file run_29.txt (compact mmCIF, C-alpha atoms)
# COMPACT_ATOMS: atom_id res chain seq x y z
CA MET A 1 20.09 26.17 -13.56
CA HIS A 2 18.58 25.60 -10.15
CA VAL A 3 17.38 22.10 -9.28
CA LYS A 4 15.06 21.38 -6.38
CA ILE A 5 14.52 17.87 -5.09
CA LEU A 6 11.18 17.70 -3.26
CA GLY A 7 10.56 15.07 -0.63
CA SER A 8 10.78 14.34 3.04
CA GLY A 9 14.09 12.52 2.84
CA CYS A 10 13.01 9.00 1.99
CA ALA A 11 15.03 6.68 -0.23
CA ASN A 12 13.16 7.87 -3.31
CA CYS A 13 14.48 11.42 -2.97
CA VAL A 14 18.06 10.21 -2.67
CA ASN A 15 17.65 8.11 -5.81
CA LEU A 16 16.02 10.99 -7.67
CA GLU A 17 18.89 13.30 -6.77
CA LYS A 18 21.40 10.69 -7.90
CA ALA A 19 19.67 10.27 -11.26
CA THR A 20 19.40 14.04 -11.72
CA ARG A 21 23.06 14.72 -10.89
CA GLN A 22 24.03 12.02 -13.36
CA ALA A 23 21.83 13.56 -16.05
CA VAL A 24 23.18 17.06 -15.40
CA ASN A 25 26.76 15.76 -15.62
CA ASP A 26 26.06 13.85 -18.82
CA LEU A 27 24.58 16.93 -20.44
CA GLY A 28 27.51 19.02 -19.24
CA LEU A 29 25.25 21.54 -17.49
CA GLU A 30 25.96 23.78 -14.53
CA ALA A 31 23.42 23.33 -11.76
CA THR A 32 22.90 24.11 -8.11
CA PHE A 33 20.96 21.59 -6.06
CA GLU A 34 18.56 22.23 -3.23
CA LYS A 35 16.55 19.83 -1.10
CA VAL A 36 13.01 20.88 -0.21
CA THR A 37 11.74 18.90 2.75
CA ASP A 38 9.06 21.17 4.19
CA TYR A 39 5.62 19.77 3.44
CA ALA A 40 3.99 23.15 2.94
CA ASP A 41 6.62 24.07 0.33
CA ILE A 42 6.28 20.70 -1.39
CA ALA A 43 2.49 20.94 -1.51
CA ALA A 44 2.71 24.47 -2.85
CA TYR A 45 4.13 23.07 -6.08
CA GLY A 46 0.96 21.03 -6.44
CA ILE A 47 2.85 17.83 -5.77
CA MET A 48 0.94 15.11 -3.93
CA ARG A 49 3.27 12.19 -4.46
CA THR A 50 6.90 12.52 -3.53
CA PRO A 51 9.54 12.68 -4.81
CA GLY A 52 9.26 15.72 -7.04
CA LEU A 53 11.74 17.34 -9.41
CA VAL A 54 11.62 21.10 -9.93
CA VAL A 55 14.02 22.86 -12.29
CA ASP A 56 14.04 26.67 -12.35
CA GLU A 57 10.65 26.69 -10.57
CA GLN A 58 9.09 24.38 -13.15
CA VAL A 59 7.77 21.01 -11.99
CA LEU A 60 9.23 18.38 -14.30
CA LEU A 61 8.30 15.20 -12.53
CA ALA A 62 6.38 13.90 -9.54
CA GLY A 63 5.54 10.62 -7.89
CA ARG A 64 8.22 8.33 -9.26
CA VAL A 65 11.95 7.84 -9.48
CA PRO A 66 13.14 8.18 -13.07
CA THR A 67 16.29 6.80 -14.64
CA ALA A 68 19.12 9.22 -15.44
CA ARG A 69 18.19 8.89 -19.11
CA GLN A 70 14.60 9.94 -18.48
CA VAL A 71 15.80 13.00 -16.57
CA LYS A 72 18.12 13.80 -19.48
CA ASP A 73 15.17 13.69 -21.87
CA LEU A 74 13.13 15.92 -19.55
CA LEU A 75 15.97 18.44 -19.22
CA ALA A 76 16.63 18.44 -22.96
CA ALA A 77 12.94 18.95 -23.76
CA ARG A 78 12.69 21.97 -21.52
CA MET B 1 11.47 7.61 -37.91
CA SER B 2 13.36 5.28 -40.21
CA THR B 3 12.11 1.79 -41.04
CA THR B 4 14.90 0.11 -39.09
CA THR B 5 14.02 1.82 -35.81
CA GLN B 6 10.35 1.11 -36.35
CA HIS B 7 11.21 -2.50 -36.98
CA ASP B 8 13.33 -2.53 -33.84
CA THR B 9 10.63 -1.06 -31.59
CA ARG B 10 8.12 -3.57 -32.88
CA ARG B 11 10.59 -6.36 -32.22
CA GLN B 12 11.26 -4.97 -28.77
CA ALA B 13 7.54 -4.90 -28.05
CA ALA B 14 7.08 -8.46 -29.23
CA ARG B 15 10.01 -9.56 -27.08
CA ARG B 16 8.54 -7.75 -24.07
CA TRP B 17 5.14 -9.45 -24.32
CA LEU B 18 6.80 -12.81 -24.93
CA LEU B 19 8.93 -12.38 -21.80
CA LEU B 20 5.85 -11.38 -19.82
CA THR B 21 3.97 -14.47 -20.98
CA ALA B 22 6.94 -16.69 -20.09
CA ALA B 23 7.15 -15.08 -16.65
CA ALA B 24 3.42 -15.64 -16.09
CA ALA B 25 3.77 -19.31 -17.11
CA ALA B 26 6.76 -19.80 -14.79
CA TRP B 27 4.79 -18.17 -11.96
CA ALA B 28 1.80 -20.47 -12.48
CA GLY B 29 4.08 -23.51 -12.69
CA LEU B 30 5.88 -22.71 -9.44
CA TYR B 31 2.58 -22.01 -7.69
CA ALA B 32 1.18 -25.35 -8.84
CA VAL B 33 4.14 -27.52 -7.75
CA ASN B 34 4.89 -25.68 -4.48
CA GLU B 35 2.92 -27.87 -2.07
CA VAL B 36 3.60 -31.06 -4.00
CA PHE B 37 7.35 -30.41 -3.83
CA TRP B 38 7.59 -29.72 -0.08
CA THR B 39 5.31 -32.66 0.76
CA TRP B 40 7.45 -34.92 -1.42
CA LEU B 41 10.67 -33.59 0.15
CA TYR B 42 9.66 -33.95 3.80
CA ARG B 43 7.28 -36.89 3.69
CA ASP B 44 8.67 -39.10 0.95
CA ALA B 45 12.32 -38.20 0.53
CA LEU B 46 13.09 -37.54 4.23
CA ALA B 47 10.41 -39.90 5.58
CA LEU B 48 9.06 -37.44 8.18
CA ASP B 49 5.59 -37.29 9.69
CA ILE B 50 4.44 -33.88 8.48
CA THR B 51 1.19 -33.88 10.44
CA THR B 52 2.63 -32.92 13.85
CA GLY B 53 5.53 -31.29 15.69
CA TRP B 54 8.55 -29.70 14.05
CA PRO B 55 8.31 -31.48 10.67
CA SER B 56 4.80 -30.05 10.34
CA MET B 57 6.19 -26.64 11.29
CA LEU B 58 9.04 -26.82 8.80
CA HIS B 59 6.76 -28.04 6.03
CA PHE B 60 4.30 -25.21 6.73
CA PHE B 61 7.07 -22.60 6.86
CA CYS B 62 8.65 -23.56 3.52
CA TYR B 63 5.34 -24.02 1.75
CA ASP B 64 3.88 -20.78 3.09
CA THR B 65 6.99 -18.69 2.39
CA VAL B 66 7.09 -19.71 -1.26
CA LYS B 67 3.33 -19.38 -1.71
CA ILE B 68 3.11 -15.94 -0.13
CA THR B 69 6.17 -14.62 -1.97
CA LEU B 70 4.69 -15.79 -5.27
CA LEU B 71 1.29 -14.28 -4.50
CA LEU B 72 2.79 -10.96 -3.46
CA THR B 73 5.07 -10.68 -6.49
CA GLY B 74 2.30 -11.54 -8.93
CA ILE B 75 -0.47 -9.42 -7.49
CA ILE B 76 1.67 -6.36 -6.69
CA PHE B 77 2.97 -6.42 -10.26
CA VAL B 78 -0.50 -6.65 -11.81
CA VAL B 79 -2.02 -4.07 -9.45
CA THR B 80 0.82 -1.58 -9.99
CA VAL B 81 0.53 -1.83 -13.76
CA LEU B 82 -3.26 -1.33 -13.57
CA ARG B 83 -2.89 1.51 -11.09
CA SER B 84 -0.44 3.30 -13.36
CA PHE B 85 -3.54 4.42 -15.24
CA MET B 86 -4.71 6.24 -12.09
CA SER B 87 -3.02 8.99 -10.08
CA VAL B 88 -3.57 11.04 -6.94
CA GLU B 89 -3.98 14.07 -9.19
CA ARG B 90 -6.81 12.45 -11.13
CA THR B 91 -8.42 11.29 -7.88
CA ARG B 92 -8.37 14.82 -6.54
CA ALA B 93 -9.92 16.15 -9.72
CA LEU B 94 -12.68 13.51 -9.46
CA LEU B 95 -13.37 14.46 -5.84
CA GLY B 96 -13.50 18.20 -6.50
CA GLY B 97 -16.89 19.74 -5.81
CA LYS B 98 -18.43 16.53 -4.41
CA ARG B 99 -20.67 16.89 -1.37
CA GLU B 100 -20.12 14.93 1.82
CA GLY B 101 -21.77 11.54 1.61
CA VAL B 102 -21.32 10.98 -2.11
CA GLY B 103 -17.81 12.38 -1.68
CA ASN B 104 -17.00 9.94 1.14
CA VAL B 105 -18.14 6.92 -0.88
CA LEU B 106 -16.14 8.06 -3.90
CA ALA B 107 -13.08 8.95 -1.80
CA ALA B 108 -12.99 5.54 -0.10
CA SER B 109 -13.37 3.71 -3.41
CA LEU B 110 -10.68 5.83 -5.05
CA GLY B 111 -8.47 5.18 -2.02
CA VAL B 112 -8.41 1.54 -3.09
CA VAL B 113 -7.44 2.11 -6.73
CA THR B 114 -5.14 5.14 -6.44
CA PRO B 115 -1.41 4.47 -6.34
CA PHE B 116 -0.42 5.77 -2.95
CA CYS B 117 2.06 5.19 -0.18
CA SER B 118 1.85 6.37 3.40
CA CYS B 119 5.02 8.43 2.89
CA SER B 120 2.91 10.71 0.67
CA ALA B 121 0.03 10.97 3.15
CA VAL B 122 1.01 14.48 4.24
CA PRO B 123 1.48 16.15 0.83
CA ALA B 124 -1.70 14.43 -0.39
CA PHE B 125 -3.62 15.67 2.66
CA ILE B 126 -2.44 19.25 2.04
CA GLY B 127 -3.18 18.95 -1.67
CA PHE B 128 -6.73 17.72 -1.02
CA VAL B 129 -7.69 20.12 1.75
CA ALA B 130 -6.03 23.16 0.17
CA SER B 131 -7.96 22.56 -3.05
CA GLY B 132 -11.23 22.67 -1.10
CA ILE B 133 -12.08 18.99 -0.63
CA PRO B 134 -13.91 18.62 2.73
CA LEU B 135 -11.91 17.26 5.68
CA GLY B 136 -14.20 14.24 6.17
CA VAL B 137 -13.94 13.25 2.50
CA THR B 138 -10.14 13.53 2.66
CA MET B 139 -10.09 11.33 5.76
CA SER B 140 -12.20 8.67 4.00
CA PHE B 141 -9.47 8.53 1.34
CA LEU B 142 -6.66 8.38 3.89
CA ILE B 143 -8.34 5.58 5.87
CA ALA B 144 -9.30 3.41 2.88
CA SER B 145 -5.93 3.67 1.19
CA PRO B 146 -3.83 1.60 3.63
CA LEU B 147 -6.77 -0.49 4.88
CA VAL B 148 -7.77 -1.97 1.54
CA ASN B 149 -4.41 -2.34 -0.17
CA GLU B 150 -3.07 -4.70 -2.80
CA VAL B 151 -0.91 -6.68 -0.35
CA ALA B 152 -3.93 -7.44 1.86
CA ILE B 153 -6.07 -8.36 -1.13
CA ALA B 154 -3.36 -10.61 -2.61
CA LEU B 155 -2.87 -12.53 0.60
CA LEU B 156 -6.53 -12.82 1.56
CA LEU B 157 -7.33 -14.13 -1.89
CA GLY B 158 -4.54 -16.70 -1.73
CA LEU B 159 -5.08 -17.86 1.84
CA PHE B 160 -8.85 -17.62 2.30
CA GLY B 161 -10.42 -17.37 -1.15
CA ILE B 162 -12.80 -14.89 -2.73
CA GLY B 163 -15.53 -14.84 -0.03
CA PRO B 164 -13.51 -13.49 2.92
CA THR B 165 -11.63 -11.17 0.52
CA LEU B 166 -14.83 -9.48 -0.64
CA LEU B 167 -16.01 -9.32 2.96
CA TYR B 168 -12.78 -7.60 3.98
CA VAL B 169 -12.86 -5.12 1.09
CA GLY B 170 -16.53 -4.31 1.72
CA ALA B 171 -16.01 -3.88 5.45
CA GLY B 172 -12.89 -1.76 4.91
CA LEU B 173 -14.80 0.55 2.56
CA VAL B 174 -17.70 0.90 5.01
CA VAL B 175 -15.33 1.71 7.89
CA ALA B 176 -13.55 4.36 5.77
CA ILE B 177 -16.81 5.91 4.53
CA VAL B 178 -18.51 6.03 7.93
CA ALA B 179 -15.41 7.19 9.84
CA GLY B 180 -14.87 9.99 7.28
CA MET B 181 -18.51 11.07 7.55
CA VAL B 182 -18.36 11.11 11.35
CA ILE B 183 -15.16 13.18 11.30
CA GLY B 184 -16.85 15.55 8.83
CA ARG B 185 -19.87 15.94 11.13
CA LEU B 186 -17.72 16.66 14.17
CA ARG B 187 -16.62 19.95 12.58
CA LEU B 188 -12.95 19.56 13.42
CA GLU B 189 -11.65 21.88 10.73
CA ASP B 190 -9.99 24.01 13.44
CA GLN B 191 -7.95 20.93 14.39
CA VAL B 192 -6.02 21.06 11.13
CA GLU B 193 -2.76 23.03 11.28
CA ALA B 194 -3.45 26.52 9.94
CA PHE B 195 -0.70 26.47 7.30
CA VAL B 196 -2.64 23.82 5.35
CA TYR B 197 -5.42 26.29 4.57
CA GLU B 198 -2.86 28.99 3.80
CA THR B 199 -1.04 26.84 1.28
CA ARG B 200 -1.56 28.33 -2.14
CA LEU B 201 -1.30 25.83 -4.91
CA ARG B 202 0.64 27.36 -7.74
CA GLY B 203 2.04 26.11 -10.94
CA GLU B 204 0.78 23.48 -13.27
CA VAL B 205 -0.22 20.18 -11.73
CA ILE B 206 1.86 17.31 -13.03
CA ASP B 207 -0.07 14.10 -13.47
CA SER B 208 2.42 11.59 -12.13
CA THR B 209 1.35 8.71 -14.35
CA ALA B 210 0.16 10.39 -17.56
CA GLY B 211 1.72 9.52 -20.88
CA LEU B 212 3.70 6.49 -19.79
CA THR B 213 4.58 3.79 -22.29
CA TRP B 214 3.81 0.11 -21.70
CA ALA B 215 7.51 -0.55 -21.17
CA GLU B 216 7.51 2.07 -18.37
CA ARG B 217 4.32 0.73 -16.78
CA LEU B 218 5.70 -2.82 -16.74
CA ALA B 219 9.00 -1.56 -15.34
CA MET B 220 7.04 0.24 -12.59
CA GLY B 221 5.28 -3.04 -11.76
CA ARG B 222 8.58 -4.90 -11.52
CA GLU B 223 10.22 -2.22 -9.40
CA GLU B 224 7.22 -1.92 -7.08
CA ALA B 225 7.07 -5.68 -6.50
CA ALA B 226 10.81 -5.75 -5.78
CA SER B 227 10.73 -2.71 -3.51
CA ILE B 228 7.72 -3.93 -1.50
CA LEU B 229 9.28 -7.37 -1.05
CA ARG B 230 12.55 -5.76 0.06
CA LYS B 231 10.63 -3.69 2.57
CA ILE B 232 8.35 -6.34 4.05
CA TRP B 233 10.36 -9.57 4.04
CA PRO B 234 11.35 -9.35 7.73
CA TYR B 235 7.69 -8.93 8.72
CA LEU B 236 6.77 -11.73 6.40
CA LEU B 237 9.31 -14.18 7.85
CA VAL B 238 8.36 -13.33 11.45
CA GLY B 239 4.68 -13.69 10.57
CA ILE B 240 5.13 -17.01 8.81
CA GLY B 241 7.46 -18.21 11.60
CA LEU B 242 4.86 -17.42 14.27
CA GLY B 243 2.21 -19.00 12.08
CA ALA B 244 4.35 -22.13 11.74
CA VAL B 245 4.82 -22.38 15.51
CA ILE B 246 1.08 -22.07 16.09
CA HIS B 247 0.46 -24.51 13.27
CA GLY B 248 2.82 -27.11 14.71
CA TRP B 249 2.37 -26.78 18.45
CA ALA B 250 -0.80 -25.05 19.59
CA PRO B 251 -3.53 -27.57 20.46
CA ALA B 252 -6.32 -27.60 17.90
CA ASP B 253 -8.91 -25.91 20.10
CA PHE B 254 -6.55 -23.63 22.05
CA PHE B 255 -7.70 -20.35 20.52
CA ALA B 256 -11.27 -21.51 20.11
CA ARG B 257 -11.36 -22.02 23.86
CA TYR B 258 -9.88 -18.65 24.83
CA ALA B 259 -10.79 -16.36 21.93
CA GLY B 260 -13.69 -18.19 20.34
CA PRO B 261 -17.14 -16.83 19.46
CA ASP B 262 -18.28 -17.31 23.06
CA ASN B 263 -15.83 -14.75 24.43
CA PRO B 264 -17.58 -11.36 24.19
CA PHE B 265 -14.33 -9.45 24.70
CA ALA B 266 -12.33 -11.26 22.00
CA VAL B 267 -12.86 -8.59 19.31
CA LEU B 268 -12.10 -5.73 21.71
CA VAL B 269 -8.91 -7.41 22.85
CA ALA B 270 -7.90 -8.22 19.26
CA VAL B 271 -8.30 -4.56 18.22
CA ALA B 272 -6.54 -3.33 21.36
CA ILE B 273 -3.57 -5.57 20.50
CA GLY B 274 -3.71 -4.73 16.79
CA VAL B 275 -3.62 -0.91 17.00
CA PRO B 276 -0.17 -0.44 18.57
CA LEU B 277 1.23 -3.46 16.74
CA TYR B 278 3.20 -2.06 13.83
CA SER B 279 3.13 -4.46 10.99
CA ASN B 280 1.59 -4.71 7.58
CA ALA B 281 -0.76 -7.14 5.91
CA ALA B 282 2.18 -9.34 4.88
CA GLY B 283 3.31 -9.92 8.45
CA ILE B 284 -0.17 -10.29 9.90
CA LEU B 285 -1.89 -12.58 7.41
CA PRO B 286 0.21 -15.74 7.87
CA LEU B 287 -0.55 -15.39 11.58
CA VAL B 288 -4.25 -14.83 10.88
CA ASP B 289 -4.23 -17.92 8.68
CA ALA B 290 -2.72 -20.10 11.43
CA LEU B 291 -5.08 -18.70 14.09
CA TYR B 292 -8.07 -19.36 11.85
CA ALA B 293 -6.99 -22.97 11.41
CA LYS B 294 -6.91 -23.26 15.21
CA GLY B 295 -10.50 -22.16 15.58
CA MET B 296 -10.48 -18.37 15.98
CA PRO B 297 -13.56 -16.81 14.34
CA MET B 298 -13.19 -14.80 11.12
CA GLY B 299 -14.74 -11.59 12.50
CA THR B 300 -12.22 -11.36 15.33
CA LEU B 301 -9.36 -12.06 12.93
CA LEU B 302 -10.45 -9.52 10.32
CA ALA B 303 -10.82 -6.90 13.07
CA PHE B 304 -7.33 -7.74 14.34
CA MET B 305 -5.89 -7.40 10.85
CA MET B 306 -7.71 -4.15 10.08
CA ALA B 307 -6.57 -2.59 13.36
CA THR B 308 -2.97 -3.51 12.57
CA VAL B 309 -2.85 -2.14 9.02
CA ALA B 310 -5.20 0.87 9.32
CA LEU B 311 -3.77 2.48 12.43
CA SER B 312 -0.06 2.73 13.10
CA LEU B 313 2.04 4.96 15.26
CA PRO B 314 4.52 5.98 12.52
CA GLU B 315 1.68 7.17 10.29
CA MET B 316 0.15 9.19 13.12
CA ILE B 317 3.50 10.82 13.84
CA LEU B 318 3.68 11.78 10.16
CA LEU B 319 0.12 13.13 10.21
CA ARG B 320 0.93 15.20 13.31
CA ARG B 321 2.58 17.66 10.89
CA VAL B 322 -0.85 18.62 9.56
CA LEU B 323 -3.33 17.45 12.20
CA LYS B 324 -3.60 18.60 15.80
CA PRO B 325 -3.59 15.90 18.52
CA ARG B 326 -7.34 16.05 19.07
CA LEU B 327 -8.07 15.29 15.44
CA ILE B 328 -5.51 12.45 15.41
CA ALA B 329 -7.12 10.98 18.54
CA THR B 330 -10.60 11.32 16.99
CA PHE B 331 -9.38 9.71 13.76
CA ALA B 332 -7.89 6.75 15.67
CA ALA B 333 -10.91 6.36 17.98
CA VAL B 334 -13.55 6.55 15.24
CA THR B 335 -11.64 4.11 13.02
CA ALA B 336 -11.03 1.67 15.88
CA LEU B 337 -14.71 1.82 16.85
CA GLY B 338 -15.71 1.06 13.26
CA ILE B 339 -13.34 -1.91 13.18
CA VAL B 340 -14.68 -3.31 16.46
CA THR B 341 -18.24 -3.04 15.11
CA VAL B 342 -17.24 -4.87 11.94
CA GLY B 343 -15.65 -7.64 14.01
CA TYR B 344 -18.76 -8.23 16.14
CA LEU B 345 -21.03 -8.03 13.11
CA PHE B 346 -19.07 -10.68 11.22
CA ASN B 347 -18.87 -12.95 14.24
CA ALA B 348 -22.64 -12.70 14.61
CA LEU B 349 -23.39 -13.19 10.91
CA LEU B 350 -20.87 -15.87 9.91
call {"tool": "encode", "arguments": {"input": "run_29.txt", "output": "structure tokens"}}
result
Amino acid sequence: MHVKILGSGCANCVNLEKATRQAVNDLGLEATFEKVTDYADIAAYGIMRTPGLVVDEQVLLAGRVPTARQVKDLLAAR
Amino acid sequence: MSTTTQHDTRRQAARRWLLLTAAAAAWAGLYAVNEVFWTWLYRDALALDITTGWPSMLHFFCYDTVKITLLLTGIIFVVTVLRSFMSVERTRALLGGKREGVGNVLAASLGVVTPFCSCSAVPAFIGFVASGIPLGVTMSFLIASPLVNEVAIALLLGLFGIGPTLLYVGAGLVVAIVAGMVIGRLRLEDQVEAFVYETRLRGEVIDSTAGLTWAERLAMGREEAASILRKIWPYLLVGIGLGAVIHGWAPADFFARYAGPDNPFAVLVAVAIGVPLYSNAAGILPLVDALYAKGMPMGTLLAFMMATVALSLPEMILLRRVLKPRLIATFAAVTALGIVTVGYLFNALL
């Protein structure tokens, strides 16, 4: 699984990554993480509010910082 | 779903609304006793003369800090919960295919109600322009969004009442609409970095606020209020501190004499000071309040405040990623000109 954290490096992105790593650990998944900070790349995903969470090229979440449990639900529902 | 879980969720919901009601009651109670308490403490309990000098300053500082913190917490919470029914994605969909003119009016109005922070200005700009929304319409949105924000509305309402608040909101909308239309007319599309037009939007658009539960919307309101207060408290304390000093020490007609309605340059100077000053509505309004009490006219003060919140160096540096310098300069100049006009107009009318 490949996780992309989209955002220009503000506090929200750090918190999103934290929540996602926690969720991935809790689910016992293997994942590689990548930060996407380039605005053109971020916008290309159709995201207009950072931070954004993209898993295997699928946008799961944009515009808010979720809790680890919410990310777990999103990952499980995929 | 089993009956027990259903029962539990209903109980949870009841508990949530009860807590919310209790919080609202506590808020109203604190707001009501705030002035009474500080006046009692300084005047009666400590036997100080709170009409002049440092006791007046201290009284003003304590009273204002509590009042403004309460106003901010309450209004940011309510506005965030209401705004969670809107999103940038929905705004863009509403703006799609609108002509200039109608589009500018709609964009400025949506700028007020759309949840938005300046850290998302760049992705939103790309998202708007790449999906074919005209440059001028996009600029109307980007100008209105910080200019007429919930913090400004909360504080204006609390410090000056409904009249000046409506005036500010109306003037802010007009500035955003007109500035956007002017930028649209100037045909500056070549002043946008080329990659913006080359950005291909792929994938499904995620609506950032769709399908949230009430519990999530209320949690968003709480978190937003906390995060904004965490971010702006230094500005707030400096603003209230300066306000307190002016309140306690400046002679009553000091500002009326130097920056009153008779001084034709007052608005120009106020805007010239306001543009490079990096603060937000929370830091500026306590100052505006104190200056108003010392006789500065409302038009000059509103222009000063608008210049401070609408134009800031950090935002322009961010926008440099997508806009070339000439467009940034035009954006700043047109907006500043609009604000100066509003200031003179209000001074003449009020």
call {"tool": "interface_residues", "arguments": {"input": "run_29.txt", "of": "chain A", "to": "chain B", "cutoff": "12 Å", "atoms": "only C-alpha atoms", "output": "PyMOL selection string"}}
result
chain A and resi 6-13+37-54+57-67+70
call {"tool": "closest_atom_pairs", "arguments": {"input": "run_29.txt", "of": "stretch 117-224 of chain B", "to": "stretch 305-313 of chain B", "cutoff": "8 Å", "atoms": "all atoms listed in the file", "output": "tab-separated table"}}
result
residue	atom	partner	partner_atom	distance
B:Ile143	CA	B:Ala310	CA	6.6
B:Pro146	CA	B:Ala310	CA	5.9
B:Leu147	CA	B:Ala310	CA	4.9
B:Gly172	CA	B:Met306	CA	7.7
call {"tool": "residues_near_point", "arguments": {"input": "run_29.txt", "point": "(14.9, 22.1, -15.4)", "cutoff": "6 Å", "atoms": "only C-alpha atoms", "output": "JSON, numbers by chain"}}
result
{"A": [55, 56, 75]}
call {"tool": "axis_aligned_box", "arguments": {"input": "run_29.txt", "around": "stretch 173-179 of chain B", "padding_each_side": "5 Å", "output": "lines of an AutoDock Vina configuration file"}}
result
center_x = -16.0
center_y = 3.9
center_z = 6.2
size_x = 15.0
size_y = 16.6
size_z = 17.3
call {"tool": "closest_residue", "arguments": {"input": "run_29.txt", "among": "B:Met296, B:Leu186, B:Ala281, B:Met139", "to": "B:Ala107", "atoms": "all atoms listed in the file"}}
result
B:Met139
call {"tool": "atom_distance", "arguments": {"input": "run_29.txt", "atom1": "atom CA of B:Ala25", "atom2": "atom CA of B:Thr73"}}
result
13.7 Å
call {"tool": "residues_around", "arguments": {"input": "run_29.txt", "residues": "A:Thr32", "least_positions_apart": "5", "cutoff": "8 Å", "atoms": "all atoms listed in the file", "output": "list in words"}}
result
Met1, His2 and Val3 of chain A
call {"tool": "build_atoms", "arguments": {"input": "run_29.txt", "residues": "stretch 269-284 of chain B", "atoms": "N, CA and C atoms", "output": "mmCIF file, in the frame of the given file"}}
result
data_model
loop_
_atom_site.group_PDB
_atom_site.id
_atom_site.type_symbol
_atom_site.label_atom_id
_atom_site.label_comp_id
_atom_site.auth_asym_id
_atom_site.auth_seq_id
_atom_site.Cartn_x
_atom_site.Cartn_y
_atom_site.Cartn_z
ATOM 1 N N VAL B 269 -10.303 -7.104 22.532
ATOM 2 C CA VAL B 269 -8.910 -7.410 22.850
ATOM 3 C C VAL B 269 -8.075 -7.469 21.577
ATOM 4 N N ALA B 270 -8.630 -8.099 20.528
ATOM 5 C CA ALA B 270 -7.900 -8.220 19.260
ATOM 6 C C ALA B 270 -7.565 -6.844 18.695
ATOM 7 N N VAL B 271 -8.550 -5.908 18.745
ATOM 8 C CA VAL B 271 -8.300 -4.560 18.220
ATOM 9 C C VAL B 271 -7.307 -3.821 19.102
ATOM 10 N N ALA B 272 -7.448 -3.997 20.436
ATOM 11 C CA ALA B 272 -6.540 -3.330 21.360
ATOM 12 C C ALA B 272 -5.099 -3.800 21.143
ATOM 13 N N ILE B 273 -4.922 -5.071 20.790
ATOM 14 C CA ILE B 273 -3.570 -5.570 20.500
ATOM 15 C C ILE B 273 -3.111 -5.083 19.129
ATOM 16 N N GLY B 274 -4.065 -5.043 18.185
ATOM 17 C CA GLY B 274 -3.710 -4.730 16.790
ATOM 18 C C GLY B 274 -3.292 -3.286 16.559
ATOM 19 N N VAL B 275 -3.909 -2.322 17.270
ATOM 20 C CA VAL B 275 -3.620 -0.910 17.000
ATOM 21 C C VAL B 275 -2.147 -0.544 17.217
ATOM 22 N N PRO B 276 -1.564 -0.835 18.398
ATOM 23 C CA PRO B 276 -0.170 -0.440 18.570
ATOM 24 C C PRO B 276 0.812 -1.339 17.827
ATOM 25 N N LEU B 277 0.365 -2.529 17.436
ATOM 26 C CA LEU B 277 1.230 -3.460 16.740
ATOM 27 C C LEU B 277 1.557 -2.874 15.368
ATOM 28 N N TYR B 278 2.849 -2.652 15.117
ATOM 29 C CA TYR B 278 3.200 -2.060 13.830
ATOM 30 C C TYR B 278 3.647 -3.148 12.888
ATOM 31 N N SER B 279 2.771 -3.485 11.993
ATOM 32 C CA SER B 279 3.130 -4.460 10.990
ATOM 33 C C SER B 279 2.338 -4.107 9.749
ATOM 34 N N ASN B 280 2.432 -4.934 8.738
ATOM 35 C CA ASN B 280 1.590 -4.710 7.580
ATOM 36 C C ASN B 280 0.885 -6.015 7.266
ATOM 37 N N ALA B 281 0.045 -5.970 6.242
ATOM 38 C CA ALA B 281 -0.760 -7.140 5.910
ATOM 39 C C ALA B 281 0.106 -8.376 5.720
ATOM 40 N N ALA B 282 1.319 -8.193 5.184
ATOM 41 C CA ALA B 282 2.180 -9.340 4.880
ATOM 42 C C ALA B 282 2.632 -10.048 6.148
ATOM 43 N N GLY B 283 2.865 -9.292 7.214
ATOM 44 C CA GLY B 283 3.310 -9.920 8.450
ATOM 45 C C GLY B 283 2.156 -10.509 9.233
ATOM 46 N N ILE B 284 0.976 -9.903 9.081
ATOM 47 C CA ILE B 284 -0.170 -10.290 9.900
ATOM 48 C C ILE B 284 -0.935 -11.479 9.323
#
